[in-house]
>>> print(open('input-v2.cif').read())   # mmCIF, C-alpha atoms, pLDDT in the B column; chains and numbers go by the auth columns
data_start
loop_
_atom_site.group_PDB
_atom_site.id
_atom_site.type_symbol
_atom_site.label_atom_id
_atom_site.label_comp_id
_atom_site.label_asym_id
_atom_site.label_seq_id
_atom_site.Cartn_x
_atom_site.Cartn_y
_atom_site.Cartn_z
_atom_site.B_iso_or_equiv
_atom_site.auth_seq_id
_atom_site.auth_asym_id
ATOM 1 C CA MET A 1 8.235 7.741 -18.903 43.00 1 A
ATOM 2 C CA PRO A 2 11.508 6.684 -20.623 43.00 2 A
ATOM 3 C CA VAL A 3 11.354 6.656 -24.377 44.00 3 A
ATOM 4 C CA ASP A 4 14.901 5.769 -25.232 46.00 4 A
ATOM 5 C CA MET A 5 18.317 4.888 -23.889 49.00 5 A
ATOM 6 C CA CYS A 6 21.201 6.487 -25.696 51.00 6 A
ATOM 7 C CA GLN A 7 24.966 6.438 -25.458 49.00 7 A
ATOM 8 C CA VAL A 8 25.981 10.062 -24.811 49.00 8 A
ATOM 9 C CA SER A 9 29.704 9.288 -24.720 52.00 9 A
ATOM 10 C CA SER A 10 31.881 6.219 -24.306 53.00 10 A
ATOM 11 C CA ARG A 11 31.270 6.396 -20.528 54.00 11 A
ATOM 12 C CA VAL A 12 27.758 7.753 -20.123 52.00 12 A
ATOM 13 C CA THR A 13 24.432 6.134 -20.933 53.00 13 A
ATOM 14 C CA ALA A 14 21.377 8.355 -20.617 52.00 14 A
ATOM 15 C CA ALA A 15 17.654 7.856 -20.206 54.00 15 A
ATOM 16 C CA CYS A 16 15.647 10.194 -22.370 54.00 16 A
ATOM 17 C CA LEU A 17 12.238 11.203 -21.061 52.00 17 A
ATOM 18 C CA ILE A 18 9.355 12.826 -22.830 53.00 18 A
ATOM 19 C CA SER A 19 6.277 14.398 -21.261 52.00 19 A
ATOM 20 C CA HIS A 20 3.143 15.671 -22.936 49.00 20 A
ATOM 21 C CA THR A 21 0.920 18.396 -21.456 50.00 21 A
ATOM 22 C CA HIS A 22 -1.524 20.742 -23.177 49.00 22 A
ATOM 23 C CA HIS A 23 -0.371 19.687 -26.675 51.00 23 A
ATOM 24 C CA LEU A 24 3.254 20.553 -25.801 49.00 24 A
ATOM 25 C CA TYR A 25 6.102 18.052 -25.588 50.00 25 A
ATOM 26 C CA ASP A 26 9.009 18.362 -23.171 51.00 26 A
ATOM 27 C CA PHE A 27 12.125 16.288 -23.793 50.00 27 A
ATOM 28 C CA ALA A 28 15.045 15.723 -21.401 52.00 28 A
ATOM 29 C CA CYS A 29 17.995 13.327 -21.112 53.00 29 A
ATOM 30 C CA TYR A 30 19.688 12.372 -17.854 51.00 30 A
ATOM 31 C CA PRO A 31 22.787 10.280 -17.174 55.00 31 A
ATOM 32 C CA LEU A 32 21.306 6.907 -16.236 49.00 32 A
ATOM 33 C CA GLU A 33 22.587 6.948 -12.654 50.00 33 A
ATOM 34 C CA HIS A 34 20.783 10.303 -12.093 45.00 34 A
ATOM 35 C CA SER A 35 17.662 9.630 -14.109 43.00 35 A
ATOM 36 C CA PRO A 36 14.358 10.085 -12.294 49.00 36 A
ATOM 37 C CA ALA A 37 13.067 7.111 -14.300 48.00 37 A
ATOM 38 C CA SER A 38 15.630 4.800 -12.661 51.00 38 A
ATOM 39 C CA SER A 39 14.022 5.553 -9.278 68.00 39 A
ATOM 40 C CA PHE A 40 10.369 4.987 -10.198 81.00 40 A
ATOM 41 C CA GLN A 41 8.982 1.826 -8.635 93.00 41 A
ATOM 42 C CA GLY A 42 5.429 0.539 -8.523 96.00 42 A
ATOM 43 C CA ALA A 43 3.746 -0.024 -5.155 97.00 43 A
ATOM 44 C CA LYS A 44 4.299 -3.530 -3.782 97.00 44 A
ATOM 45 C CA ILE A 45 3.220 -5.091 -0.496 98.00 45 A
ATOM 46 C CA VAL A 46 6.309 -6.732 0.993 97.00 46 A
ATOM 47 C CA LYS A 47 4.913 -7.932 4.370 96.00 47 A
ATOM 48 C CA ALA A 48 1.370 -8.590 5.550 96.00 48 A
ATOM 49 C CA SER A 49 -0.684 -10.424 8.170 92.00 49 A
ATOM 50 C CA HIS A 50 -1.686 -14.050 7.715 85.00 50 A
ATOM 51 C CA PHE A 51 -4.586 -14.736 5.380 85.00 51 A
ATOM 52 C CA GLU A 52 -7.055 -16.117 7.929 89.00 52 A
ATOM 53 C CA LEU A 53 -7.787 -14.979 11.478 90.00 53 A
ATOM 54 C CA GLU A 54 -10.310 -16.138 14.045 93.00 54 A
ATOM 55 C CA TYR A 55 -11.091 -13.757 16.872 95.00 55 A
ATOM 56 C CA MET A 56 -12.979 -13.852 20.145 94.00 56 A
ATOM 57 C CA LEU A 57 -15.854 -11.408 20.493 94.00 57 A
ATOM 58 C CA GLY A 58 -14.897 -8.334 22.510 94.00 58 A
ATOM 59 C CA ARG A 59 -11.156 -8.761 21.884 94.00 59 A
ATOM 60 C CA LYS A 60 -8.883 -6.731 19.611 94.00 60 A
ATOM 61 C CA ILE A 61 -7.948 -7.811 16.083 94.00 61 A
ATOM 62 C CA THR A 62 -4.970 -6.331 14.282 94.00 62 A
ATOM 63 C CA PHE A 63 -3.879 -6.496 10.643 95.00 63 A
ATOM 64 C CA PHE A 64 -0.514 -5.334 9.343 96.00 64 A
ATOM 65 C CA CYS A 65 0.719 -4.255 5.905 97.00 65 A
ATOM 66 C CA MET A 66 4.100 -2.935 4.746 98.00 66 A
ATOM 67 C CA ALA A 67 4.546 -1.594 1.215 98.00 67 A
ATOM 68 C CA GLN A 68 7.433 -0.247 -0.850 98.00 68 A
ATOM 69 C CA GLY A 69 7.544 1.870 -3.970 97.00 69 A
ATOM 70 C CA TYR A 70 8.717 5.218 -5.282 96.00 70 A
ATOM 71 C CA PRO A 71 7.030 7.500 -4.740 95.00 71 A
ATOM 72 C CA ARG A 72 6.141 6.021 -1.350 97.00 72 A
ATOM 73 C CA PRO A 73 2.766 4.212 -1.609 98.00 73 A
ATOM 74 C CA GLU A 74 -0.352 5.099 0.327 97.00 74 A
ATOM 75 C CA ILE A 75 -2.208 2.283 2.090 98.00 75 A
ATOM 76 C CA THR A 76 -6.002 2.107 2.140 97.00 76 A
ATOM 77 C CA TRP A 77 -8.020 -0.468 4.104 97.00 77 A
ATOM 78 C CA PHE A 78 -11.229 -2.144 2.873 97.00 78 A
ATOM 79 C CA LYS A 79 -13.806 -4.514 4.359 97.00 79 A
ATOM 80 C CA ASP A 80 -15.905 -6.569 1.964 97.00 80 A
ATOM 81 C CA GLY A 81 -14.883 -4.226 -0.872 96.00 81 A
ATOM 82 C CA ILE A 82 -15.844 -0.987 0.934 96.00 82 A
ATOM 83 C CA GLU A 83 -13.218 1.552 2.040 96.00 83 A
ATOM 84 C CA LEU A 84 -12.878 1.846 5.820 95.00 84 A
ATOM 85 C CA TYR A 85 -12.691 5.149 7.686 88.00 85 A
ATOM 86 C CA ALA A 86 -11.459 5.653 11.248 81.00 86 A
ATOM 87 C CA HIS A 87 -14.051 5.723 14.032 84.00 87 A
ATOM 88 C CA LYS A 88 -14.178 5.031 17.760 87.00 88 A
ATOM 89 C CA PHE A 89 -13.603 1.264 17.463 91.00 89 A
ATOM 90 C CA PHE A 90 -11.485 1.219 14.288 93.00 90 A
ATOM 91 C CA GLN A 91 -8.056 2.807 14.029 94.00 91 A
ATOM 92 C CA VAL A 92 -5.221 2.901 11.501 95.00 92 A
ATOM 93 C CA HIS A 93 -1.645 3.727 12.460 95.00 93 A
ATOM 94 C CA GLU A 94 0.972 4.463 9.768 96.00 94 A
ATOM 95 C CA TRP A 95 4.742 4.882 9.856 97.00 95 A
ATOM 96 C CA PRO A 96 6.735 6.125 6.862 97.00 96 A
ATOM 97 C CA LEU A 97 10.165 4.467 6.599 96.00 97 A
ATOM 98 C CA GLY A 98 12.707 6.223 4.399 93.00 98 A
ATOM 99 C CA ASN A 99 11.629 7.532 1.000 93.00 99 A
ATOM 100 C CA ASP A 100 9.973 4.388 -0.292 96.00 100 A
ATOM 101 C CA THR A 101 8.343 2.352 2.508 97.00 101 A
ATOM 102 C CA VAL A 102 5.234 2.665 4.673 98.00 102 A
ATOM 103 C CA LYS A 103 3.963 0.426 7.485 98.00 103 A
ATOM 104 C CA SER A 104 0.265 0.374 8.336 98.00 104 A
ATOM 105 C CA LYS A 105 -1.530 -1.325 11.208 96.00 105 A
ATOM 106 C CA MET A 106 -5.328 -1.569 11.359 95.00 106 A
ATOM 107 C CA GLU A 107 -7.001 -2.351 14.694 95.00 107 A
ATOM 108 C CA ILE A 108 -10.580 -3.086 15.711 95.00 108 A
ATOM 109 C CA ASP A 109 -11.207 -2.983 19.466 96.00 109 A
ATOM 110 C CA PRO A 110 -13.523 -4.314 20.779 95.00 110 A
ATOM 111 C CA THR A 111 -14.720 -6.709 18.090 95.00 111 A
ATOM 112 C CA THR A 112 -18.314 -7.707 17.414 95.00 112 A
ATOM 113 C CA GLN A 113 -19.991 -10.269 15.145 96.00 113 A
ATOM 114 C CA LYS A 114 -20.266 -7.582 12.452 95.00 114 A
ATOM 115 C CA ASP A 115 -16.461 -7.414 12.196 96.00 115 A
ATOM 116 C CA ALA A 116 -16.324 -10.851 10.538 97.00 116 A
ATOM 117 C CA GLY A 117 -15.586 -10.571 6.811 97.00 117 A
ATOM 118 C CA TYR A 118 -12.927 -10.059 4.171 97.00 118 A
ATOM 119 C CA TYR A 119 -10.415 -7.246 4.771 97.00 119 A
ATOM 120 C CA GLU A 120 -7.890 -5.876 2.291 97.00 120 A
ATOM 121 C CA CYS A 121 -4.972 -3.527 2.458 97.00 121 A
ATOM 122 C CA GLN A 122 -4.242 -1.767 -0.814 98.00 122 A
ATOM 123 C CA ALA A 123 -0.888 -0.123 -1.547 98.00 123 A
ATOM 124 C CA ASN A 124 -1.106 2.479 -4.271 97.00 124 A
ATOM 125 C CA ASN A 125 1.207 4.897 -6.033 97.00 125 A
ATOM 126 C CA LYS A 126 1.008 6.324 -9.543 94.00 126 A
ATOM 127 C CA TYR A 127 2.844 3.313 -11.020 95.00 127 A
ATOM 128 C CA ALA A 128 1.050 0.324 -9.474 97.00 128 A
ATOM 129 C CA ILE A 129 -1.575 -1.003 -7.069 97.00 129 A
ATOM 130 C CA ASP A 130 -1.009 -4.108 -4.941 98.00 130 A
ATOM 131 C CA THR A 131 -3.587 -5.723 -2.633 97.00 131 A
ATOM 132 C CA ARG A 132 -3.524 -8.351 0.130 97.00 132 A
ATOM 133 C CA GLY A 133 -6.646 -9.896 1.624 96.00 133 A
ATOM 134 C CA PHE A 134 -7.433 -11.296 5.077 94.00 134 A
ATOM 135 C CA ARG A 135 -10.495 -13.326 6.084 95.00 135 A
ATOM 136 C CA THR A 136 -11.826 -13.073 9.648 95.00 136 A
ATOM 137 C CA ASP A 137 -14.494 -14.882 11.583 95.00 137 A
ATOM 138 C CA TYR A 138 -15.371 -14.942 15.252 93.00 138 A
ATOM 139 C CA VAL A 139 -15.267 -17.975 17.502 91.00 139 A
ATOM 140 C CA MET A 140 -17.615 -18.725 20.361 82.00 140 A
ATOM 141 C CA ILE A 141 -15.966 -20.020 23.493 77.00 141 A
ATOM 142 C CA ALA A 142 -18.223 -22.246 25.627 71.00 142 A
ATOM 143 C CA TYR A 143 -17.446 -22.306 29.336 72.00 143 A
#
>>> encode(input="input-v2.cif", output="structure tokens")
Amino acid sequence: MPVDMCQVSSRVTAACLISHTHHLYDFACYPLEHSPASSFQGAKIVKASHFELEYMLGRKITFFCMAQGYPRPEITWFKDGIELYAHKFFQVHEWPLGNDTVKSKMEIDPTTQKDAGYYECQANNKYAIDTRGFRTDYVMIAY
């Protein structure tokens, strides 16, 4: 974490970093354009599915999340506040993009009445957590 900015010469500004482990302090200064601190970026969801979705029983529902941050965030999916894990009818596909972006797609196929609820994608790195929520409900089609 940066503790100070200092002018090293008339042309160079540096970020000075300090770390503390096991009662020892480590101190380092980097020219600002090469500072690791200038690259750190909290996780942020930059694209996501629409907030509300109605689905037909037996059909597939898909939610999408894209997050940026450095280090690249991890995306975790939740339903009604409980973390979801892959199984036969629930799958998550992820694609890393560059050093700082990840795309995640969550699919449920086929859907049942129990799939109605509140879903969230959570992007997380060591600097921030960002969450987007999606509400789903099924519709009955009368023929």
>>> closest_residue(input="input-v2.cif", among="A:Thr62, A:Gln68, A:Gln122, A:Thr136", to="Lys105 of chain A", atoms="all atoms listed in the file")
A:Thr62
>>> resolve_selection(input="input-v2.cif", expression="the PyMOL selection byres ((chain A and resi 130) around 10)", output="compact mmCIF listing (two decimals) with C-alpha atoms, in the frame of the given file")
# COMPACT_ATOMS: atom_id res chain seq x y z
CA GLY A 42 5.43 0.54 -8.52
CA ALA A 43 3.75 -0.02 -5.16
CA LYS A 44 4.30 -3.53 -3.78
CA ILE A 45 3.22 -5.09 -0.50
CA VAL A 46 6.31 -6.73 0.99
CA ALA A 67 4.55 -1.59 1.22
CA PRO A 73 2.77 4.21 -1.61
CA ILE A 75 -2.21 2.28 2.09
CA CYS A 121 -4.97 -3.53 2.46
CA GLN A 122 -4.24 -1.77 -0.81
CA ALA A 123 -0.89 -0.12 -1.55
CA ASN A 124 -1.11 2.48 -4.27
CA ASN A 125 1.21 4.90 -6.03
CA ALA A 128 1.05 0.32 -9.47
CA ILE A 129 -1.58 -1.00 -7.07
CA THR A 131 -3.59 -5.72 -2.63
CA ARG A 132 -3.52 -8.35 0.13
>>> resolve_selection(input="input-v2.cif", expression="the PyMOL selection byres ((chain A and resi 98) around 12)", output="ChimeraX atom specification")
/A:67-73,95-97,99-103
>>> axis_aligned_box(input="input-v2.cif", around="segment 43-48 of chain A", padding_each_side="8 Å", output="AutoDock Vina command-line options")
--center_x 3.8 --center_y -4.3 --center_z 0.2 --size_x 20.9 --size_y 24.6 --size_z 26.7
>>> resolve_selection(input="input-v2.cif", expression="the PyMOL selection byres ((chain A and resi 107) around 8)", output="ChimeraX atom specification")
/A:60-63,90-92,105-106,108-109
>>> atom_distance(input="input-v2.cif", atom1="atom CA of Tyr138 of chain A", atom2="atom CA of Tyr119 of chain A")
13.9 Å
>>> residues_around(input="input-v2.cif", residues="Phe78 of chain A", least_positions_apart="4", cutoff="6 Å", atoms="all atoms listed in the file", output="VMD selection string")
chain A and resid 82 to 84 119 to 120
>>> write_last_selection(input="input-v2.cif", atoms="C-alpha atoms", output="short mmCIF file (atom, residue, chain, number, x, y, z; two decimals), in the frame of the given file")
data_model
loop_
_atom_site.label_atom_id
_atom_site.label_comp_id
_atom_site.auth_asym_id
_atom_site.auth_seq_id
_atom_site.Cartn_x
_atom_site.Cartn_y
_atom_site.Cartn_z
CA ILE A 82 -15.84 -0.99 0.93
CA GLU A 83 -13.22 1.55 2.04
CA LEU A 84 -12.88 1.85 5.82
CA TYR A 119 -10.42 -7.25 4.77
CA GLU A 120 -7.89 -5.88 2.29
#
>>> decode(input="input-v2.cif", residues="segment 120-143 of chain A", atoms="N, CA and C atoms", output="tab-separated table (two decimals), in the first residue's frame")
chain	number	residue	atom	x	y	z
A	120	GLU	N	-26.96	-13.85	-7.61
A	120	GLU	CA	-25.95	-12.80	-7.59
A	120	GLU	C	-24.66	-13.32	-8.19
A	121	CYS	N	-23.97	-12.44	-8.90
A	121	CYS	CA	-22.59	-12.72	-9.25
A	121	CYS	C	-21.74	-11.76	-8.42
A	122	GLN	N	-20.67	-12.30	-7.86
A	122	GLN	CA	-19.80	-11.50	-7.00
A	122	GLN	C	-18.39	-11.55	-7.58
A	123	ALA	N	-17.86	-10.37	-7.91
A	123	ALA	CA	-16.48	-10.24	-8.36
A	123	ALA	C	-15.63	-9.86	-7.16
A	124	ASN	N	-14.48	-10.52	-7.02
A	124	ASN	CA	-13.71	-10.37	-5.80
A	124	ASN	C	-12.22	-10.44	-6.12
A	125	ASN	N	-11.47	-9.43	-5.69
A	125	ASN	CA	-10.02	-9.55	-5.61
A	125	ASN	C	-9.61	-8.97	-4.27
A	126	LYS	N	-8.31	-8.91	-3.98
A	126	LYS	CA	-7.92	-8.50	-2.63
A	126	LYS	C	-8.14	-7.03	-2.35
A	127	TYR	N	-8.61	-6.25	-3.33
A	127	TYR	CA	-8.83	-4.81	-3.12
A	127	TYR	C	-10.29	-4.41	-3.05
A	128	ALA	N	-11.19	-5.26	-3.58
A	128	ALA	CA	-12.61	-4.88	-3.56
A	128	ALA	C	-13.50	-6.07	-3.88
A	129	ILE	N	-14.77	-5.93	-3.53
A	129	ILE	CA	-15.82	-6.90	-3.88
A	129	ILE	C	-16.95	-6.09	-4.50
A	130	ASP	N	-17.47	-6.58	-5.63
A	130	ASP	CA	-18.60	-5.93	-6.29
A	130	ASP	C	-19.63	-7.02	-6.58
A	131	THR	N	-20.92	-6.70	-6.44
A	131	THR	CA	-21.98	-7.70	-6.61
A	131	THR	C	-23.09	-7.14	-7.48
A	132	ARG	N	-23.66	-7.99	-8.33
A	132	ARG	CA	-24.86	-7.66	-9.10
A	132	ARG	C	-25.89	-8.75	-8.85
A	133	GLY	N	-27.15	-8.35	-8.73
A	133	GLY	CA	-28.22	-9.30	-8.45
A	133	GLY	C	-29.21	-9.39	-9.59
A	134	PHE	N	-29.84	-10.58	-9.70
A	134	PHE	CA	-30.81	-10.87	-10.75
A	134	PHE	C	-31.97	-11.63	-10.12
A	135	ARG	N	-33.18	-11.20	-10.36
A	135	ARG	CA	-34.36	-11.90	-9.83
A	135	ARG	C	-34.98	-12.72	-10.96
A	136	THR	N	-35.36	-13.96	-10.63
A	136	THR	CA	-35.99	-14.83	-11.63
A	136	THR	C	-37.29	-15.38	-11.07
A	137	ASP	N	-38.22	-15.64	-11.98
A	137	ASP	CA	-39.45	-16.31	-11.64
A	137	ASP	C	-39.94	-17.05	-12.89
A	138	TYR	N	-40.63	-18.12	-12.70
A	138	TYR	CA	-41.11	-18.88	-13.85
A	138	TYR	C	-42.48	-18.36	-14.27
A	139	VAL	N	-42.82	-18.62	-15.52
A	139	VAL	CA	-44.13	-18.28	-16.05
A	139	VAL	C	-44.81	-19.56	-16.52
A	140	MET	N	-46.09	-19.62	-16.33
A	140	MET	CA	-46.87	-20.76	-16.81
A	140	MET	C	-47.53	-20.36	-18.12
A	141	ILE	N	-47.35	-21.15	-19.11
A	141	ILE	CA	-47.97	-20.88	-20.41
A	141	ILE	C	-49.20	-21.81	-20.55
A	142	ALA	N	-50.37	-21.22	-20.72
A	142	ALA	CA	-51.59	-22.00	-20.89
A	142	ALA	C	-51.85	-22.18	-22.39
A	143	TYR	N	-52.10	-23.39	-22.77
A	143	TYR	CA	-52.38	-23.68	-24.19
A	143	TYR	C	-53.83	-23.95	-24.43
